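Trainee: Following this message is one structure expressed as structure tokens.
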Amino acid sequence: MSKSGLIEPPSPPAEGASKSKLQDRQSERDHRQLRIDKVGVRNLRFPIQVRDKAHSIQNTVATIGMFVDLPEEFKGTHMSRFIEALNAHGDVIHVENISDILVSMQERLHARTSHIEIEFPFFRVKAAPATGKEAVMDYLARFDAAACGKETDFMLTVKANVTTLCPCSKAISRHGAHNQRGEVTVQLRSLGVVWIEEVIDLIEASGSSELYALLKREDEKAVTERAYENPVFVEDLVRNVALKLKAHPEITWWKVEAENQESIHNHNAYACIEMS
């Protein structure tokens, strides 16, 4: 305190004095001796470029999760290093860089395994069935990739909606038949490239009718008549998709799920079939 009674500010550190080292709590030893299978960050938004069969490249925005395993001796992981690994490959993810990102995560976080999940909207321009008027349709796609050392596993997921018209309702009703929107989810692994558009096409060909973003009256007539002439149960839907996946030469494993948002029941109808 100065003679005037005022508190004097502390003197600045001498030039060249070393800063105190910040404590690294994550690297401290944990006494519970339990390894963690996956730890990391989720719900991270980031630009991504994906291959588009029609236009070669499509720019979209992904929701990303990044994880590694944590050995039993460490208290925690370093969350900032996930973001560093992602941004080290530029301000846009290219699908071809996924393996590099997985390796970078292992190196930066001293992990044995690494995982990344990338979910994004995928867009197509689709023409209405009668008038040919075009509008943009959106679908949901997802990449799940994991690496253990140099070995990488990659899985593609595609979700698309179709119309399903009930065969039983058509058979017993004097007028019409109930129909609803069905959501189909396909997961697959493959030897080579399988286009997202290919998966969308085989899903849309398996229901009673496709969905469209834009329909004029002529189109609406065509869609409803097509659905009425092609009734499918939810069981038919997953079997139809499965047969098309089995016939694809590049696909080595697949799983199909379908859920109909029933229009006359207070529940949904569901079916699932997986390659054995």
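Ordering of the structure tokens sets the chain letters (A, B, ...); residue numbers start at 1 within each chain; ligands are numbered from 1 in the order shown.
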Just the residues within 6 Å of region 135-145 of chain A, please, counting only C-alpha atoms, with nothing from its chain fewer than 3 positions along; format it as an MDAnalysis selection string.

Mentor: chainID A and resid 115:126 153:160 213:214

Trainee: Could you pull out the residues in region 104-272 of chain A that DSSP calls strand (DSSP E) from the backbone, as a PDB file with C-alpha atoms, in the first residue's frame?

Mentor:
```pdb
ATOM      1  CA  THR A 113      -9.493 -46.748 -32.407  1.00  0.00           C
ATOM      2  CA  SER A 114     -11.266 -43.744 -33.931  1.00  0.00           C
ATOM      3  CA  HIS A 115     -14.814 -43.193 -35.146  1.00  0.00           C
ATOM      4  CA  ILE A 116     -16.600 -40.530 -37.156  1.00  0.00           C
ATOM      5  CA  GLU A 117     -20.289 -40.134 -37.984  1.00  0.00           C
ATOM      6  CA  ILE A 118     -21.332 -37.664 -40.675  1.00  0.00           C
ATOM      7  CA  GLU A 119     -25.041 -37.024 -41.305  1.00  0.00           C
ATOM      8  CA  PHE A 120     -26.221 -34.589 -43.965  1.00  0.00           C
ATOM      9  CA  PRO A 121     -29.126 -33.642 -46.250  1.00  0.00           C
ATOM     10  CA  PHE A 122     -28.704 -34.787 -49.843  1.00  0.00           C
ATOM     11  CA  PHE A 123     -30.591 -32.988 -52.619  1.00  0.00           C
ATOM     12  CA  ARG A 124     -31.899 -34.049 -56.033  1.00  0.00           C
ATOM     13  CA  VAL A 125     -33.910 -32.285 -58.701  1.00  0.00           C
ATOM     14  CA  LYS A 126     -36.931 -34.458 -59.446  1.00  0.00           C
ATOM     15  CA  ALA A 127     -39.491 -34.181 -62.238  1.00  0.00           C
ATOM     16  CA  GLU A 134     -39.019 -29.994 -61.612  1.00  0.00           C
ATOM     17  CA  ALA A 135     -38.434 -29.283 -57.931  1.00  0.00           C
ATOM     18  CA  VAL A 136     -35.745 -30.067 -55.362  1.00  0.00           C
ATOM     19  CA  MET A 137     -36.228 -33.105 -53.118  1.00  0.00           C
ATOM     20  CA  ASP A 138     -34.218 -33.624 -49.941  1.00  0.00           C
ATOM     21  CA  TYR A 139     -33.087 -36.942 -48.483  1.00  0.00           C
ATOM     22  CA  LEU A 140     -31.006 -37.925 -45.458  1.00  0.00           C
ATOM     23  CA  ALA A 141     -27.637 -39.642 -45.841  1.00  0.00           C
ATOM     24  CA  ARG A 142     -25.022 -40.681 -43.330  1.00  0.00           C
ATOM     25  CA  PHE A 143     -21.448 -41.978 -43.299  1.00  0.00           C
ATOM     26  CA  ASP A 144     -20.207 -44.041 -40.342  1.00  0.00           C
ATOM     27  CA  ALA A 145     -16.504 -44.825 -40.420  1.00  0.00           C
ATOM     28  CA  ALA A 146     -14.233 -46.446 -37.849  1.00  0.00           C
ATOM     29  CA  ALA A 147     -10.528 -47.226 -37.849  1.00  0.00           C
ATOM     30  CA  CYS A 148      -8.475 -49.603 -35.742  1.00  0.00           C
ATOM     31  CA  GLU A 151      -8.006 -51.019 -40.900  1.00  0.00           C
ATOM     32  CA  THR A 152     -11.092 -48.942 -41.749  1.00  0.00           C
ATOM     33  CA  ASP A 153     -14.774 -49.884 -41.770  1.00  0.00           C
ATOM     34  CA  PHE A 154     -17.187 -47.700 -43.751  1.00  0.00           C
ATOM     35  CA  MET A 155     -20.990 -47.823 -43.765  1.00  0.00           C
ATOM     36  CA  LEU A 156     -23.430 -45.782 -45.839  1.00  0.00           C
ATOM     37  CA  THR A 157     -26.965 -45.035 -44.599  1.00  0.00           C
ATOM     38  CA  VAL A 158     -29.700 -43.527 -46.773  1.00  0.00           C
ATOM     39  CA  LYS A 159     -33.240 -42.577 -45.735  1.00  0.00           C
ATOM     40  CA  ALA A 160     -36.020 -41.948 -48.242  1.00  0.00           C
ATOM     41  CA  ASN A 161     -39.822 -41.761 -48.068  1.00  0.00           C
ATOM     42  CA  VAL A 162     -42.361 -43.548 -50.263  1.00  0.00           C
ATOM     43  CA  THR A 163     -46.138 -43.959 -50.424  1.00  0.00           C
ATOM     44  CA  THR A 164     -47.541 -47.314 -49.300  1.00  0.00           C
ATOM     45  CA  LEU A 165     -51.111 -48.390 -50.019  1.00  0.00           C
ATOM     46  CA  ASN A 179     -52.374 -45.149 -47.779  1.00  0.00           C
ATOM     47  CA  GLN A 180     -49.589 -43.429 -45.889  1.00  0.00           C
ATOM     48  CA  ARG A 181     -46.015 -42.265 -46.023  1.00  0.00           C
ATOM     49  CA  GLY A 182     -43.393 -44.897 -45.312  1.00  0.00           C
ATOM     50  CA  GLU A 183     -39.811 -44.091 -44.282  1.00  0.00           C
ATOM     51  CA  VAL A 184     -37.199 -46.555 -45.488  1.00  0.00           C
ATOM     52  CA  THR A 185     -33.696 -46.727 -44.009  1.00  0.00           C
ATOM     53  CA  VAL A 186     -30.973 -48.636 -45.839  1.00  0.00           C
ATOM     54  CA  GLN A 187     -27.553 -49.330 -44.326  1.00  0.00           C
ATOM     55  CA  LEU A 188     -24.871 -50.981 -46.412  1.00  0.00           C
ATOM     56  CA  ARG A 189     -21.224 -51.856 -46.813  1.00  0.00           C
ATOM     57  CA  SER A 190     -19.657 -52.298 -50.231  1.00  0.00           C
ATOM     58  CA  SER A 209     -45.468 -44.812 -55.389  1.00  0.00           C
ATOM     59  CA  GLU A 210     -42.649 -42.299 -55.154  1.00  0.00           C
ATOM     60  CA  ILE A 251     -22.772 -54.489 -51.879  1.00  0.00           C
ATOM     61  CA  THR A 252     -21.378 -56.941 -49.307  1.00  0.00           C
ATOM     62  CA  TRP A 253     -23.766 -56.324 -46.376  1.00  0.00           C
ATOM     63  CA  TRP A 254     -27.096 -54.555 -45.982  1.00  0.00           C
ATOM     64  CA  LYS A 255     -29.921 -53.868 -43.544  1.00  0.00           C
ATOM     65  CA  VAL A 256     -33.355 -52.469 -44.437  1.00  0.00           C
ATOM     66  CA  GLU A 257     -35.889 -50.899 -42.086  1.00  0.00           C
ATOM     67  CA  ALA A 258     -39.300 -49.492 -42.988  1.00  0.00           C
ATOM     68  CA  GLU A 259     -41.803 -47.630 -40.837  1.00  0.00           C
ATOM     69  CA  ASN A 260     -45.258 -46.681 -42.100  1.00  0.00           C
ATOM     70  CA  ALA A 269     -46.197 -50.377 -38.832  1.00  0.00           C
ATOM     71  CA  TYR A 270     -42.557 -51.534 -38.843  1.00  0.00           C
ATOM     72  CA  ALA A 271     -40.432 -54.192 -40.544  1.00  0.00           C
ATOM     73  CA  CYS A 272     -36.712 -54.942 -40.695  1.00  0.00           C
TER      74      CYS A 272
END
```

Trainee: What is the CA of Asn268 (chain A) to CA of Ser169 (chain A) distance in Å?

Mentor: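 Computing it gives 15.8 Å between the two atoms.
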
Trainee: Can you measure CA of Leu86 (chain A) to CA of Val193 (chain A) for me? One decimal in Å is fine.

Mentor: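 CA of Val193 (chain A) lies at a distance of 23.6 Å from CA of Leu86 (chain A).
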
Trainee: Please measure the separation of CA of Lys133 (chain A) and CA of Ala222 (chain A), giving the value in Å to one decimal.

Mentor: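 Answer for the CA of Lys133 (chain A) to CA of Ala222 (chain A) separation: 13.6 Å.
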
Trainee: Residues near Glu84 (chain A), anyone? I mean within 10 Å using only C-alpha atoms, not counting same-chain ones fewer than 5 positions away, as a list in words.

Mentor: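 The neighbour list is Met79, His89, Ser104, Met105 and Arg108 of chain A.
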
Trainee: Nearest residue to Ile273 (chain A) out of A:Lys38, A:Met66, A:Asn240, A:Asn87, using only C-alpha atoms?

Mentor: A:Asn240

Trainee: Using only C-alpha atoms, which residues sit within 12 Å of Gly90 (chain A) once same-chain residues fewer than 4 positions away are excluded, as a list in words?

Mentor: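 Residues near the query, excluding close chain neighbours: Phe46, Pro47, Ile48, Gln49, Ile83, Glu84, Ala85, Leu86, His94, Asn97 and Ile101 of chain A.
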
Trainee: For C-alpha atoms, I'd like the residues from the last selection saved as a short mmCIF file (atom, residue, chain, number, x, y, z; two decimals), in the first residue's frame.

Mentor:
```
data_model
loop_
_atom_site.label_atom_id
_atom_site.label_comp_id
_atom_site.auth_asym_id
_atom_site.auth_seq_id
_atom_site.Cartn_x
_atom_site.Cartn_y
_atom_site.Cartn_z
CA PHE A 46 -19.38 -28.50 -40.66
CA PRO A 47 -19.38 -28.01 -44.46
CA ILE A 48 -18.95 -31.16 -46.52
CA GLN A 49 -18.57 -32.10 -50.17
CA ILE A 83 -11.71 -30.02 -33.66
CA GLU A 84 -8.05 -29.60 -34.57
CA ALA A 85 -8.07 -32.92 -36.44
CA LEU A 86 -11.15 -31.88 -38.40
CA HIS A 94 -14.16 -34.20 -48.67
CA ASN A 97 -10.38 -37.44 -46.54
CA ILE A 101 -9.17 -37.71 -40.40
#
```

Trainee: Identify all residues of region 38-244 of chain A in alpha helix (DSSP H) (DSSP on the backbone) and supply them as JSON, numbers by chain.

Mentor: {"A": [79, 80, 81, 82, 83, 84, 85, 86, 87, 98, 99, 100, 101, 102, 103, 104, 105, 106, 107, 108, 109, 167, 168, 169, 170, 171, 172, 196, 197, 198, 199, 200, 201, 202, 203, 204, 217, 218, 219, 220, 221, 222, 223, 224, 225, 226, 227, 228, 229, 234, 235, 236, 237, 238, 239, 240, 241, 242, 243, 244]}

Trainee: Could you tell me which of A:Val241, A:Thr224, A:Glu250, A:Ala111 comes closest to Leu191 (chain A) if we count only C-alpha atoms?

Mentor: A:Glu250
